[in-house]
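Asks: Dumping the structure here so I can ask a few things about it.
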Amino acid sequence: MKIDQTIAAIVTGGASGLGEATARMLAAQGAKVALFDMNEERGQTVAKEIGGLFCKVDVTDEASIDAGLAAARAKHGQERILVNCAGIAPGMRTVSKKRDTGELVAHNLGTFAKVLAVNLGGTFNMIAKSAVGMAGLDPVTQDGGRGVVVCTASVAAEDGQIGQAAYAASKGGVVGLTLPVARDLSGYGIRVMTIMPGLFHTPMFESVPEDFRKALEANVPFPSRLGKPAEYAALVKTIIDNDMLNGTTIRLDGALRMQPK
């Protein structure tokens with residue numbers, strides 16, 4: 001699918017990190033971009049800079065998604081591109097000790113459920129809601145393509161570290177839904193792909209000490225550095241451009257395989 005001024009796109013988590021880089025890439029290619037995020041201040045700033053639209057959306061809430069989609073479609077028309085970048089990554093071991101008493105405690109189930117709700121449920125919510133609209137569009141490619149969905153998992157889906165049970169489970173779920181959802185939507189000409197990023201320089205690394213960051217970078221075989229959000233965005237563009245990319249995942253990690261901790 002060619003990205004141009006006739007194409008509307010939605011990027012969840014578009015106010016920062018991988019989502020922001022993707023939104024900027026799509027806008028630079030001419031697309032009409034709507035950012036869905038909970039960070040209104042930053043989201044409005046990015047949207048203004050790229051000539052896009054910000055919508056405050058909670059991807060775990062159906063009504064919030066519906067309102068965001070209605071606003072985006074009212075301004076830009078039905079989206080043909082959806083990029084899911086919204087996510088959270090709290091760390092917690094399955095069993096841990098309280099520092100003050102040494103008491104053994106189980107992983108908080110509320111935290112586990114919230115991570116699944118945002119990272120997995122939110123991704124699926126957005127796909128289903130967006131795909132309903134895409135399915136009614138006229139094809140724009142020789143193959144009958146109507147739309148493209150790109151999801152964000154993580155290398156943690158395969159290499160989950162200590163304390164990442166909830167995060168790895170949620171991202172493993174995103175990997176797991178990629179093929180069946182692509183098959184579900186194939187009759188409508190909608191492709192579904194998932195990217196599994198490794199270590200990328202997103203806002204959470206801003207507060208990380210330099211020596212710790214360098215130690216992380218040393219674990220990446222080549223190139224031995226943190227990935228750049230623009231490199232994630234470049235892969236999104238490749239996926240959109242190439243109609244044969246469908247129903248699978250791509251690791252974007254410099255050959256990194258995460259150690260237990």
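If you're wondering about the labels, chains in the structure tokens are A, B, ... by order shown, residues count from 1 in each chain, ligands from 1 in order shown.
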Hey, what does DSSP flag as helix (DSSP H, G or I) within range 97-186 of chain A? Can you give it to me as a PyMOL selection string?
Replies: chain A and resi 109-135+156-159+165-186
Asks: Using DSSP secondary structure from the backbone, list all strand (DSSP E or B) positions within range 195-239 of chain A, as number ranges by chain.
Replies: A: 195-197, 200, 227
Asks: At a cut-off of 7 Å, using only C-alpha atoms, what residues contact Asn119 in chain A? Leave out same-chain residues fewer than 3 positions from it and give the result as a compact mmCIF listing (two decimals) with C-alpha atoms, in the first residue's frame.
Replies:
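The resulting file, around.txt, is reproduced below:
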# COMPACT_ATOMS: atom_id res chain seq x y z
CA ALA A 86 0.31 1.68 23.34
CA GLY A 87 1.65 -0.41 26.20
CA ILE A 88 2.88 -0.60 29.78
CA VAL A 115 -0.87 -5.39 31.80
CA LEU A 116 -2.88 -7.92 29.79
CA GLY A 122 -6.06 -2.92 24.00
CA THR A 123 -4.29 -4.13 20.87
CA SER A 170 0.89 -9.93 27.14
CA LYS A 171 3.40 -9.58 24.33
Asks: Env of Asp184 in chain A: 12 Å cut, atoms = only C-alpha atoms, seq-sep filter 2 positions within chain, self excluded. Answer as a PyMOL selection string.
Replies: chain A and resi 127-128+131-132+135+177-182+186-192+246-247
Asks: Filtering to C-alpha atoms, could you give me those residues as a PDB file, in the first residue's frame?
Replies:
ATOM      1  CA  ILE A 127      -7.768  -4.030  15.624  1.00  0.00           C
ATOM      2  CA  ALA A 128     -11.374  -5.187  15.772  1.00  0.00           C
ATOM      3  CA  ALA A 131     -10.961  -3.356  10.863  1.00  0.00           C
ATOM      4  CA  VAL A 132     -14.740  -3.000  10.789  1.00  0.00           C
ATOM      5  CA  ALA A 135     -13.524  -3.664   5.555  1.00  0.00           C
ATOM      6  CA  LEU A 177      -3.031 -13.324  17.662  1.00  0.00           C
ATOM      7  CA  THR A 178      -1.122 -12.097  14.624  1.00  0.00           C
ATOM      8  CA  LEU A 179      -1.677 -15.081  12.315  1.00  0.00           C
ATOM      9  CA  PRO A 180      -5.290 -15.917  13.227  1.00  0.00           C
ATOM     10  CA  VAL A 181      -6.363 -12.279  12.979  1.00  0.00           C
ATOM     11  CA  ALA A 182      -4.557 -11.949   9.625  1.00  0.00           C
ATOM     12  CA  SER A 186      -7.715 -11.776   4.728  1.00  0.00           C
ATOM     13  CA  GLY A 187     -11.067 -11.883   2.961  1.00  0.00           C
ATOM     14  CA  TYR A 188     -11.356  -8.120   3.437  1.00  0.00           C
ATOM     15  CA  GLY A 189      -7.888  -7.343   2.106  1.00  0.00           C
ATOM     16  CA  ILE A 190      -6.545  -6.267   5.500  1.00  0.00           C
ATOM     17  CA  ARG A 191      -3.007  -7.321   6.424  1.00  0.00           C
ATOM     18  CA  VAL A 192      -1.792  -7.829  10.009  1.00  0.00           C
ATOM     19  CA  ASN A 246       1.227 -10.591   6.325  1.00  0.00           C
ATOM     20  CA  GLY A 247       0.421 -12.766   9.315  1.00  0.00           C
TER      21      GLY A 247
END
Asks: So what do you get for CA of Ser154 in chain A versus CA of Thr94 in chain A, distance-wise?
Replies: 19.6 Å
Asks: Show which residues sit within 10 Å of Thr111 in chain A, as a PyMOL selection string. Count only C-alpha atoms, and ignore same-chain residues fewer than 4 positions away.
Replies: chain A and resi 90-92+107+115-117+166
Asks: Could you give me, as an MDAnalysis selection string, the residues within 9 Å of Cys55 in chain A, counting only C-alpha atoms and dropping anything in the same chain fewer than 2 positions from it?
Replies: chainID A and resid 34:38 40 43:44 53 57 67:69 71:72
Asks: Put those residues in a file: C-alpha atoms, as a JSON list (two decimals), in the first residue's frame.
Replies:
[["chain", "number", "residue", "atom", "x", "y", "z"],
["A", 34, "ALA", "CA", -4.40, 10.69, 14.43],
["A", 35, "LEU", "CA", -2.57, 10.01, 17.70],
["A", 36, "PHE", "CA", -4.36, 7.98, 20.38],
["A", 37, "ASP", "CA", -2.74, 8.33, 23.80],
["A", 38, "MET", "CA", -3.46, 9.15, 27.43],
["A", 40, "GLU", "CA", -2.77, 14.82, 26.42],
["A", 43, "GLY", "CA", 0.07, 14.26, 22.42],
["A", 44, "GLN", "CA", -1.26, 17.71, 21.53],
["A", 53, "LEU", "CA", -4.98, 15.14, 15.39],
["A", 57, "VAL", "CA", -8.02, 7.41, 24.23],
["A", 67, "ALA", "CA", -15.11, 8.28, 20.65],
["A", 68, "GLY", "CA", -11.53, 8.48, 19.39],
["A", 69, "LEU", "CA", -12.34, 6.69, 16.16],
["A", 71, "ALA", "CA", -13.23, 12.06, 16.03],
["A", 72, "ALA", "CA", -10.40, 10.79, 13.83]]
Asks: I'd like the contact shell of range 222-230 of chain A - 10 Å cut-off, only C-alpha atoms, skipping same-chain residues fewer than 6 positions apart - returned as a list of chain:residue names.
Replies: A:Ser16, A:Gly17, A:Leu18, A:Gly19, A:Glu20, A:Ala21, A:Thr22, A:Arg24, A:Met25, A:Pro197, A:Gly198, A:Leu199, A:Phe200, A:His201, A:Thr202, A:Phe205, A:Arg213, A:Lys214, A:Ala215, A:Leu216, A:Val236, A:Leu252, A:Asp253, A:Gly254, A:Ala255, A:Leu256
Asks: Would you compute the distance between CA of Ile240 in chain A and CA of Cys151 in chain A? Give it in Å to one decimal.
Replies: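 For CA of Ile240 in chain A relative to CA of Cys151 in chain A, the distance reads 12.1 Å.
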Asks: Can you measure CA of Gln161 in chain A to CA of Arg251 in chain A for me? One decimal in Å is fine.
Replies: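 The value is 16.6 Å.
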Asks: Rank A:Ile239, A:Ile81, A:Ala233, A:Ala218 by their smallest atom-to-atom distance to Gly133 in chain A, using only C-alpha atoms, and report the top residue only.
Replies: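 Once distances to Gly133 in chain A are computed over only C-alpha atoms, the minimum belongs to A:Ile81.
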